[in-house]
$ cat coords22.txt   # compact mmCIF, C-alpha atoms and all ligand atoms
# COMPACT_ATOMS: atom_id res chain seq x y z
CA MET O 1 5.60 -13.44 9.81
CA ALA O 2 8.21 -10.82 10.75
CA PHE O 3 8.89 -8.04 8.27
CA SER O 4 12.26 -6.36 7.83
CA PRO O 5 12.54 -2.57 8.04
CA CYS O 6 11.84 -0.46 4.96
CA GLU O 7 14.71 -0.84 2.46
CA ILE O 8 14.39 2.84 1.52
CA CYS O 9 13.91 4.79 4.76
CA GLY O 10 14.67 2.20 7.47
CA GLN O 11 11.33 2.62 9.25
CA ARG O 12 9.12 -0.17 10.52
CA THR O 13 6.94 -2.08 8.07
CA ALA O 14 3.52 -3.57 8.71
CA ARG O 15 1.48 -6.27 7.06
CA LEU O 16 -0.75 -5.14 4.20
CA ALA O 17 -3.41 -7.75 3.46
CA LEU O 18 -4.40 -7.94 -0.21
CA ARG O 19 -7.96 -8.34 -1.36
CA GLY O 20 -8.36 -11.98 -2.37
CA GLY O 21 -5.42 -13.18 -0.29
CA GLY O 22 -1.72 -12.58 0.21
CA VAL O 23 0.31 -9.97 2.08
CA LEU O 24 2.87 -7.30 1.32
CA ALA O 25 5.10 -5.44 3.80
CA ARG O 26 4.20 -1.75 3.84
CA CYS O 27 6.44 0.96 5.32
CA VAL O 28 4.47 2.87 7.94
CA ASP O 29 6.36 6.04 7.04
CA CYS O 30 6.94 6.23 3.26
CA GLY O 31 4.43 3.67 1.99
CA HIS O 32 7.07 1.60 0.20
CA LEU O 33 5.95 -1.99 -0.41
CA GLY O 34 8.09 -5.12 -0.14
CA ARG O 35 6.99 -8.37 -1.71
CA GLN O 36 8.07 -11.90 -0.94
CA LEU O 37 6.72 -14.32 -3.49
CA ALA O 38 5.77 -16.85 -0.81
CA GLY O 39 3.67 -14.22 0.96
CA SER O 40 1.89 -12.97 -2.16
CA PRO O 41 2.11 -15.54 -4.96
CA ALA O 42 -0.87 -13.87 -6.70
CA PHE O 43 -1.08 -16.59 -9.40
CA HIS O 44 2.17 -15.32 -10.84
CA ARG O 45 3.32 -16.46 -14.27
CA ASP O 46 6.43 -18.56 -14.93
CA ARG O 47 8.70 -15.95 -16.42
CA ALA O 48 9.52 -12.30 -15.90
CA TYR O 49 8.59 -11.35 -19.46
CA GLY O 50 4.82 -11.13 -19.89
CA GLY O 51 4.65 -8.66 -22.74
CA GLU O 52 3.35 -8.90 -26.26
CA PRO O 53 5.21 -7.76 -29.43
CA THR O 54 2.62 -5.25 -30.73
CA LEU O 55 2.15 -3.70 -27.30
CA ASP O 56 5.94 -3.59 -26.91
CA ALA O 57 6.26 -1.58 -30.14
CA TRP O 58 3.71 0.98 -28.90
CA ARG O 59 5.30 1.16 -25.52
CA LEU O 60 8.67 1.75 -27.10
CA ALA O 61 7.43 4.77 -29.05
CA LEU O 62 5.59 6.20 -26.03
CA THR O 63 8.54 5.64 -23.69
CA HIS O 64 11.00 7.22 -26.10
CA ARG O 65 8.74 10.27 -26.28
CA LEU O 66 8.43 10.44 -22.50
CA LEU O 67 12.19 10.25 -21.97
CA THR O 68 12.99 12.92 -24.55
CA ARG O 69 10.23 15.37 -23.66
CA ALA O 70 12.60 17.83 -22.00
CA ARG O 71 15.42 17.43 -24.52
CA ARG O 72 17.24 14.92 -26.70
CA PRO O 73 20.38 13.73 -24.94
CA ALA O 74 23.66 13.34 -26.82
CA SER O 75 24.61 10.27 -24.75
CA VAL O 76 22.53 7.69 -22.89
CA PHE O 77 23.00 4.61 -20.73
CA GLU O 78 20.16 2.13 -20.22
CA VAL O 79 19.88 0.02 -17.11
CA GLY O 80 18.37 -3.30 -18.26
CA TYR O 81 18.36 -2.71 -22.03
CA GLY O 82 16.78 -6.10 -22.92
CA SER O 83 16.66 -6.38 -26.73
CA GLY O 84 18.21 -2.93 -27.12
CA ALA O 85 15.12 -1.62 -28.97
CA LEU O 86 14.99 1.63 -27.02
CA LEU O 87 18.75 2.17 -27.29
CA ARG O 88 18.30 1.74 -31.04
CA ARG O 89 15.94 4.73 -31.10
CA PHE O 90 18.56 6.86 -29.36
CA LEU O 91 21.29 5.55 -31.65
CA ASP O 92 19.19 6.46 -34.70
CA ASP O 93 18.79 9.95 -33.17
CA GLY O 94 22.57 10.25 -33.26
CA ALA O 95 23.25 9.67 -29.56
CA ARG O 96 26.17 7.74 -28.10
CA VAL O 97 24.59 4.71 -26.41
CA GLY O 98 25.52 2.17 -23.77
CA GLY O 99 23.87 -0.04 -21.22
CA THR O 100 24.09 -2.96 -18.90
CA ASP O 101 21.86 -6.01 -18.62
CA PRO O 102 22.42 -9.31 -16.83
CA ASP O 103 20.40 -10.95 -19.64
CA GLN O 104 17.66 -12.33 -17.45
CA LEU O 105 15.24 -12.34 -20.37
CA GLY O 106 17.57 -14.18 -22.74
CA VAL O 107 16.57 -12.15 -25.79
CA ALA O 108 18.62 -11.28 -28.91
CA VAL O 109 20.09 -7.78 -28.94
CA ASP O 110 19.60 -5.37 -31.87
CA ALA O 111 22.57 -5.79 -34.24
CA ARG O 112 23.30 -2.06 -34.67
CA VAL O 113 23.18 -1.48 -30.92
CA ARG O 114 25.53 -4.41 -30.42
CA ALA O 115 27.92 -3.02 -33.02
CA HIS O 116 27.91 0.62 -31.88
CA GLY O 117 26.89 0.57 -28.20
CA ARG O 118 29.09 0.12 -25.15
CA LEU O 119 27.28 -2.84 -23.60
CA TYR O 120 27.95 -4.65 -20.34
CA ASP O 121 26.40 -7.88 -19.09
CA ALA O 122 26.38 -7.16 -15.35
CA ALA O 123 23.58 -6.23 -13.00
CA ILE O 124 23.83 -2.46 -12.47
CA GLU O 125 24.63 -2.98 -8.78
CA ASP O 126 27.71 -5.02 -9.77
CA LEU O 127 28.91 -2.80 -12.62
CA THR O 128 32.49 -1.78 -11.89
CA ALA O 129 33.60 -0.87 -15.41
CA ASP O 130 34.91 2.62 -16.05
CA VAL O 131 32.02 3.98 -18.12
CA GLU O 132 32.30 7.33 -19.89
CA PRO O 133 29.78 9.70 -18.21
CA VAL O 134 26.53 10.32 -20.07
CA GLU O 135 23.76 12.94 -20.14
CA LEU O 136 20.92 10.50 -19.45
CA VAL O 137 20.80 7.25 -17.47
CA TYR O 138 17.43 5.53 -17.58
CA GLY O 139 15.71 2.28 -16.63
CA ILE O 140 12.26 1.19 -17.79
CA HIS O 141 10.61 -1.08 -15.25
CA VAL O 142 13.82 -2.28 -13.62
CA LEU O 143 13.76 -0.79 -10.10
CA GLU O 144 11.02 -3.24 -9.05
CA HIS O 145 13.30 -6.16 -10.02
CA VAL O 146 16.81 -5.31 -8.82
CA GLN O 147 18.44 -6.69 -5.69
CA ASP O 148 19.28 -3.32 -4.21
CA PRO O 149 17.39 -0.25 -5.47
CA LEU O 150 19.48 2.31 -3.57
CA ARG O 151 22.71 0.84 -4.89
CA THR O 152 21.14 0.85 -8.36
CA LEU O 153 20.33 4.56 -8.10
CA ARG O 154 23.77 5.31 -6.65
CA HIS O 155 25.46 3.57 -9.59
CA ALA O 156 23.12 5.30 -12.02
CA ALA O 157 24.06 8.68 -10.53
CA HIS O 158 27.73 7.74 -10.74
CA LEU O 159 27.40 7.20 -14.51
CA LEU O 160 26.05 10.72 -15.03
CA ALA O 161 28.02 13.69 -16.24
CA PRO O 162 27.56 16.76 -13.99
CA GLY O 163 24.13 18.24 -14.76
CA GLY O 164 22.99 14.94 -16.27
CA THR O 165 19.60 13.34 -15.65
CA VAL O 166 18.32 9.96 -14.47
CA GLN O 167 14.86 8.77 -15.42
CA PHE O 168 13.20 5.60 -14.14
CA LEU O 169 9.73 4.14 -14.69
CA THR O 170 8.41 1.69 -12.10
CA PRO O 171 4.96 0.41 -11.02
CA ALA O 172 3.14 2.66 -8.56
CA GLY O 173 2.46 0.78 -5.33
CA ASP O 174 0.39 3.75 -4.16
CA SER O 175 -1.89 3.74 -7.21
CA ASP O 176 -5.54 2.65 -7.06
CA GLY O 177 -4.82 -0.66 -8.80
CA LEU O 178 -3.49 -2.51 -5.79
CA ARG O 179 -6.46 -1.46 -3.62
CA LEU O 180 -9.05 -2.13 -6.34
CA TYR O 181 -7.77 -5.46 -7.62
CA GLY O 182 -5.81 -6.80 -4.63
CA ARG O 183 -3.88 -9.93 -5.54
CA ALA O 184 -5.37 -9.73 -9.08
CA TRP O 185 -3.43 -6.50 -9.77
CA TRP O 186 -1.52 -7.24 -12.95
CA MET O 187 1.76 -5.89 -11.54
CA LEU O 188 1.80 -8.88 -9.18
CA GLU O 189 1.74 -11.36 -12.06
CA ASP O 190 5.47 -10.95 -12.62
CA PRO O 191 7.21 -13.23 -10.10
CA THR O 192 10.33 -11.03 -10.15
CA HIS O 193 8.54 -7.89 -8.96
CA VAL O 194 9.91 -7.78 -5.43
CA ARG O 195 8.92 -4.22 -4.46
CA PHE O 196 6.56 -1.40 -5.37
CA PHE O 197 7.56 2.20 -4.76
CA SER O 198 5.24 4.91 -3.59
CA ALA O 199 5.82 8.43 -4.93
CA GLU O 200 7.22 9.26 -1.48
CA SER O 201 9.62 6.31 -1.28
CA LEU O 202 10.88 6.94 -4.82
CA HIS O 203 11.46 10.60 -3.96
CA ARG O 204 13.36 9.65 -0.81
CA ALA O 205 15.41 7.00 -2.62
CA ALA O 206 16.63 9.52 -5.21
CA ARG O 207 17.44 12.16 -2.60
CA SER O 208 19.27 9.66 -0.41
CA VAL O 209 21.83 8.99 -3.16
CA GLY O 210 22.53 12.71 -3.58
CA LEU O 211 20.43 13.45 -6.67
CA THR O 212 18.82 16.89 -6.90
CA ASP O 213 15.74 18.43 -8.56
CA VAL O 214 13.90 15.20 -7.80
CA CYS O 215 10.51 14.96 -9.49
CA VAL O 216 8.07 12.02 -9.43
CA THR O 217 5.08 12.09 -11.78
CA ARG O 218 2.43 9.63 -12.93
CA PRO O 219 2.51 9.27 -16.73
CA ALA O 220 -0.93 8.67 -18.24
CA LEU O 221 0.18 6.50 -21.13
CA ASP O 222 2.30 3.76 -19.53
CA SER O 223 1.03 0.18 -19.02
CA LEU O 224 -2.33 0.80 -20.72
CA VAL O 225 -3.51 -2.80 -20.48
CA THR O 226 -3.03 -3.01 -16.69
CA ASP O 227 -6.75 -2.64 -15.94
CA ALA O 228 -8.00 -5.15 -18.51
CA ALA O 229 -5.35 -7.64 -17.41
CA SER O 230 -6.18 -7.09 -13.72
CA LEU O 231 -9.93 -7.43 -14.34
CA ALA O 232 -9.39 -10.71 -16.20
CA ARG O 233 -7.34 -11.99 -13.25
CA LEU O 234 -10.00 -10.78 -10.82
CA ALA O 235 -12.85 -12.43 -12.76
CA ARG O 236 -11.13 -15.80 -13.01
CA PRO O 237 -8.45 -16.23 -10.35
CA ARG O 238 -6.35 -19.19 -11.41
CA ALA O 239 -2.84 -20.17 -12.44
CA ARG O 240 -1.80 -18.93 -15.90
CA PRO O 241 1.85 -19.93 -16.39
CA HIS O 242 2.20 -17.79 -19.54
CA GLY O 243 0.42 -14.78 -18.09
CA VAL O 244 -2.99 -13.32 -18.78
CA LEU O 245 -1.92 -11.31 -21.85
CA ALA O 246 -1.13 -14.58 -23.66
CA LEU O 247 -4.93 -14.92 -23.98
CA ARG O 248 -6.06 -13.14 -27.15
CA PRO O 249 -9.46 -11.98 -25.75
CA VAL O 250 -7.75 -10.31 -22.79
CA LEU O 251 -5.26 -8.62 -25.08
CA ALA O 252 -8.08 -7.48 -27.39
CA ALA O 253 -10.03 -6.14 -24.40
CA GLY O 254 -6.90 -4.26 -23.28
CA VAL O 255 -6.59 -2.56 -26.65
CA ALA O 256 -10.33 -1.88 -26.98
CA THR O 257 -10.63 -0.32 -23.52
CA ALA O 258 -7.53 1.89 -23.86
CA PRO O 259 -9.55 5.08 -24.66
CA VAL O 260 -11.80 4.55 -21.62
CA VAL O 261 -8.78 3.87 -19.42
CA LEU O 262 -7.09 7.04 -20.69
CA ALA O 263 -10.19 9.10 -19.96
CA ALA O 264 -10.42 7.65 -16.44
CA ARG O 265 -6.73 8.33 -15.83
CA ALA O 266 -7.18 11.93 -16.96
CA LEU O 267 -9.94 12.41 -14.38
CA ARG O 268 -8.20 10.50 -11.62
CA PRO O 269 -4.38 10.43 -11.79
CA ALA O 270 -4.23 7.92 -8.88
CA LEU O 271 -5.46 5.30 -11.38
CA ARG O 272 -2.19 5.60 -13.30
CA PRO O 273 -0.15 2.48 -12.50
CA THR O 274 3.32 3.92 -13.10
CA LEU O 275 5.71 6.33 -11.39
CA HIS O 276 8.20 8.37 -13.42
CA LEU O 277 11.29 9.56 -11.57
CA THR O 278 13.38 12.38 -12.98
CA ALA O 279 16.37 13.71 -11.04
CA ARG O 280 19.62 15.49 -11.75
CA LYS O 281 23.23 15.26 -10.71
CA ALA O 282 24.45 18.60 -9.44
CA ARG O 283 26.86 20.48 -11.69
ZN ZN P 1 9.95 3.66 4.15
$ encode --input "coords22.txt" --output "structure tokens" --more "lines below"
Ligand SMILES: [Zn+2]
Amino acid sequence: MAFSPCEICGQRTARLALRGGGVLARCVDCGHLGRQLAGSPAFHRDRAYGGEPTLDAWRLALTHRLLTRARRPASVFEVGYGSGALLRRFLDDGARVGGTDPDQLGVAVDARVRAHGRLYDAAIEDLTADVEPVELVYGIHVLEHVQDPLRTLRHAAHLLAPGGTVQFLTPAGDSDGLRLYGRAWWMLEDPTHVRFFSAESLHRAARSVGLTDVCVTRPALDSLVTDAASLARLARPRARPHGVLALRPVLAAGVATAPVVLAARALRPALRPTLHLTARKAR
């Protein structure tokens, strides 16, 4: 199997064999990972969405806090807004909101966001509309899905007012999870996850589109059920079309083990399964 060069830095990629079976293409220079579903099926579920409503509500509150830690923006644009739940938080804060989403998930959009937001139905890479510049452009777990991540970041930067900020959350391909769980790593359950950034490749991607003050961190609180879900997949490797979190005992284990997971992540940040990119557009 021949691998194409790294989509971020253009260097050679090599085969990374996963524990349990399957391969990813790993950049020898920046550690960026490419995934072809045929090469690493990893008992993936049927659909992209594998969440759970209660967990989604928690995640929403935590993500909103993470995005507004530095300051509350007066205008935001969300890449892949889904149901618009996060945009609704910003709208309720008094911000001007907008976003684009190709509606892959086919979910209903919050009525207030639909009424007051400037919404587009294109993939970010294809967005050609003349959007009024905003203070914050963000995307929560979208970079691992898009067709072209550099074009996505370029368009995101284009939507920023001078001095504005982009923030993206994406699974960490250089976290312990992939090494520990191999093909059972929960981030491989989503069939539309086609890449996993390393901190280095995410850094390079942001710099290559002209963003400045690039910072990549590993938030402790994102994707708290990753370990329980991965362990369940490791213990019983088999097809689960609806995903492992559709099983109540796995979900309950995820919630029950959250304090232990948090303690472990505090001691060892490499266990954290998410990367958080923050970068600015020069004034
Ligand atoms: Zn690379």
$ residues_around --input "coords22.txt" --residues "range 92-98 of chain O" --least-positions-apart "4" --cutoff "6 Å" --atoms "all atoms listed in the file" --output "NGL selection string"
:O and (74-77 or 117-119)
$ residues_near_ligand --input "coords22.txt" --ligand "ligand ZN 1 (chain P)" --cutoff "9 Å" --atoms "only C-alpha atoms and all ligand atoms" --output "NGL selection string"
:O and (5-13 or 26-33 or 200-201 or 204)
$ atom_distance --input "coords22.txt" --atom1 "CA of Leu62 in chain O" --atom2 "CA of Pro102 in chain O"
24.7 Å
$ closest_residue --input "coords22.txt" --among "O:Gly254, O:Leu245, O:Ser230, O:His44" --to "Arg179 in chain O" --atoms "all atoms listed in the file"
O:Ser230
$ residues_around --input "coords22.txt" --residues "Glu125 in chain O" --least-positions-apart "2" --cutoff "10 Å" --atoms "all atoms listed in the file" --output "list in words"
Ala122, Ala123, Leu127, Thr128, Val146, Gln147, Asp148, Pro149, Leu150, Arg151, Thr152, Leu153, Arg154, His155 and Ala156 of chain O
$ atom_distance --input "coords22.txt" --atom1 "CA of Leu159 in chain O" --atom2 "CA of Ser83 in chain O"
21.2 Å
$ residues_around --input "coords22.txt" --residues "Ala264 in chain O" --least-positions-apart "4" --cutoff "12 Å" --atoms "all atoms listed in the file" --output "list in words"
Asp176, Ala220, Leu221, Leu224, Asp227, Thr257, Ala258, Pro259, Val260, Arg268, Pro269, Ala270, Leu271 and Arg272 of chain O
$ write_last_selection --input "coords22.txt" --atoms "C-alpha atoms" --output "PDB file, in the coordinates of the input"
ATOM      1  CA  ASP O 176      -5.540   2.650  -7.060  1.00  0.00           C
ATOM      2  CA  ALA O 220      -0.930   8.670 -18.240  1.00  0.00           C
ATOM      3  CA  LEU O 221       0.180   6.500 -21.130  1.00  0.00           C
ATOM      4  CA  LEU O 224      -2.330   0.800 -20.720  1.00  0.00           C
ATOM      5  CA  ASP O 227      -6.750  -2.640 -15.940  1.00  0.00           C
ATOM      6  CA  THR O 257     -10.630  -0.320 -23.520  1.00  0.00           C
ATOM      7  CA  ALA O 258      -7.530   1.890 -23.860  1.00  0.00           C
ATOM      8  CA  PRO O 259      -9.550   5.080 -24.660  1.00  0.00           C
ATOM      9  CA  VAL O 260     -11.800   4.550 -21.620  1.00  0.00           C
ATOM     10  CA  ARG O 268      -8.200  10.500 -11.620  1.00  0.00           C
ATOM     11  CA  PRO O 269      -4.380  10.430 -11.790  1.00  0.00           C
ATOM     12  CA  ALA O 270      -4.230   7.920  -8.880  1.00  0.00           C
ATOM     13  CA  LEU O 271      -5.460   5.300 -11.380  1.00  0.00           C
ATOM     14  CA  ARG O 272      -2.190   5.600 -13.300  1.00  0.00           C
TER      15      ARG O 272
END
$ residues_near_point --input "coords22.txt" --point "(-5.3, -10.5, -27.9)" --cutoff "12 Å" --atoms "only C-alpha atoms" --output "list in words"
Gly51, Glu52, Pro53, Thr54, Leu55, Val225, Ala228, Ala229, Val244, Leu245, Ala246, Leu247, Arg248, Pro249, Val250, Leu251, Ala252, Ala253, Gly254, Val255 and Ala256 of chain O
$ atom_distance --input "coords22.txt" --atom1 "CA of Phe196 in chain O" --atom2 "CA of Arg69 in chain O"
25.1 Å
$ closest_residue --input "coords22.txt" --among "O:Val142, O:Ala25, O:Met187, O:Ala38" --to "Phe168 in chain O" --atoms "only C-alpha atoms"
O:Val142
$ axis_aligned_box --input "coords22.txt" --around "range 164-173 of chain O" --padding-each-side "8 Å" --output "lines of an AutoDock Vina configuration file"
center_x = 12.7
center_y = 7.7
center_z = -10.8
size_x = 36.5
size_y = 30.5
size_z = 26.9
$ residues_near_point --input "coords22.txt" --point "(4.9, 6.0, -19.9)" --cutoff "9 Å" --atoms "all atoms listed in the file" --output "PyMOL selection string"
chain O and resi 59+62-67+169+218-224+274-276
$ residues_around --input "coords22.txt" --residues "Ala239 in chain O" --least-positions-apart "2" --cutoff "10 Å" --atoms "only C-alpha atoms" --output "PyMOL selection string"
chain O and resi 42-46+189+233+236-237+241-244
$ closest_residue --input "coords22.txt" --among "O:Ser4, O:Thr226, O:Thr217, O:Gln167" --to "Trp185 in chain O" --atoms "all atoms listed in the file"
O:Thr226
$ residues_around --input "coords22.txt" --residues "Arg19 in chain O" --least-positions-apart "6" --cutoff "9 Å" --atoms "only C-alpha atoms" --output "list in words"
Leu178, Arg179, Leu180, Tyr181, Gly182, Arg183 and Ala184 of chain O
$ write_last_selection --input "coords22.txt" --atoms "C-alpha atoms" --output "CSV table (one decimal), in the frame of the given file"
chain,number,residue,atom,x,y,z
O,178,LEU,CA,-3.5,-2.5,-5.8
O,179,ARG,CA,-6.5,-1.5,-3.6
O,180,LEU,CA,-9.0,-2.1,-6.3
O,181,TYR,CA,-7.8,-5.5,-7.6
O,182,GLY,CA,-5.8,-6.8,-4.6
O,183,ARG,CA,-3.9,-9.9,-5.5
O,184,ALA,CA,-5.4,-9.7,-9.1
$ build_atoms --input "coords22.txt" --residues "range 71-85 of chain O" --atoms "N, CA and C atoms" --output "PDB file, in the frame of the given file"
ATOM      1  N   ARG O  71      14.458  17.203 -23.431  1.00  0.00           N
ATOM      2  CA  ARG O  71      15.420  17.430 -24.520  1.00  0.00           C
ATOM      3  C   ARG O  71      16.027  16.106 -24.970  1.00  0.00           C
ATOM      4  N   ARG O  72      16.617  16.127 -26.146  1.00  0.00           N
ATOM      5  CA  ARG O  72      17.240  14.920 -26.700  1.00  0.00           C
ATOM      6  C   ARG O  72      18.686  14.849 -26.228  1.00  0.00           C
ATOM      7  N   PRO O  73      19.023  13.823 -25.460  1.00  0.00           N
ATOM      8  CA  PRO O  73      20.380  13.730 -24.940  1.00  0.00           C
ATOM      9  C   PRO O  73      21.375  13.277 -26.007  1.00  0.00           C
ATOM     10  N   ALA O  74      22.623  13.719 -25.862  1.00  0.00           N
ATOM     11  CA  ALA O  74      23.660  13.340 -26.820  1.00  0.00           C
ATOM     12  C   ALA O  74      24.283  12.002 -26.445  1.00  0.00           C
ATOM     13  N   SER O  75      24.056  11.557 -25.188  1.00  0.00           N
ATOM     14  CA  SER O  75      24.610  10.270 -24.750  1.00  0.00           C
ATOM     15  C   SER O  75      23.680   9.668 -23.712  1.00  0.00           C
ATOM     16  N   VAL O  76      23.448   8.354 -23.821  1.00  0.00           N
ATOM     17  CA  VAL O  76      22.530   7.690 -22.890  1.00  0.00           C
ATOM     18  C   VAL O  76      23.121   6.363 -22.424  1.00  0.00           C
ATOM     19  N   PHE O  77      22.641   5.923 -21.262  1.00  0.00           N
ATOM     20  CA  PHE O  77      23.000   4.610 -20.730  1.00  0.00           C
ATOM     21  C   PHE O  77      21.728   3.986 -20.180  1.00  0.00           C
ATOM     22  N   GLU O  78      21.395   2.776 -20.672  1.00  0.00           N
ATOM     23  CA  GLU O  78      20.160   2.130 -20.220  1.00  0.00           C
ATOM     24  C   GLU O  78      20.462   1.007 -19.244  1.00  0.00           C
ATOM     25  N   VAL O  79      19.786   1.061 -18.117  1.00  0.00           N
ATOM     26  CA  VAL O  79      19.880   0.020 -17.110  1.00  0.00           C
ATOM     27  C   VAL O  79      18.839  -1.047 -17.468  1.00  0.00           C
ATOM     28  N   GLY O  80      19.292  -2.239 -17.848  1.00  0.00           N
ATOM     29  CA  GLY O  80      18.370  -3.300 -18.260  1.00  0.00           C
ATOM     30  C   GLY O  80      17.854  -3.050 -19.668  1.00  0.00           C
ATOM     31  N   TYR O  81      18.765  -3.107 -20.677  1.00  0.00           N
ATOM     32  CA  TYR O  81      18.360  -2.710 -22.030  1.00  0.00           C
ATOM     33  C   TYR O  81      17.600  -3.807 -22.784  1.00  0.00           C
ATOM     34  N   GLY O  82      17.556  -5.033 -22.277  1.00  0.00           N
ATOM     35  CA  GLY O  82      16.780  -6.100 -22.920  1.00  0.00           C
ATOM     36  C   GLY O  82      17.227  -6.358 -24.346  1.00  0.00           C
ATOM     37  N   SER O  83      16.337  -6.138 -25.312  1.00  0.00           N
ATOM     38  CA  SER O  83      16.660  -6.380 -26.730  1.00  0.00           C
ATOM     39  C   SER O  83      17.384  -5.186 -27.354  1.00  0.00           C
ATOM     40  N   GLY O  84      17.526  -4.108 -26.611  1.00  0.00           N
ATOM     41  CA  GLY O  84      18.210  -2.930 -27.120  1.00  0.00           C
ATOM     42  C   GLY O  84      17.329  -2.061 -28.019  1.00  0.00           C
ATOM     43  N   ALA O  85      16.017  -2.339 -28.053  1.00  0.00           N
ATOM     44  CA  ALA O  85      15.120  -1.620 -28.970  1.00  0.00           C
ATOM     45  C   ALA O  85      15.051  -0.124 -28.663  1.00  0.00           C
TER      46      ALA O  85
END
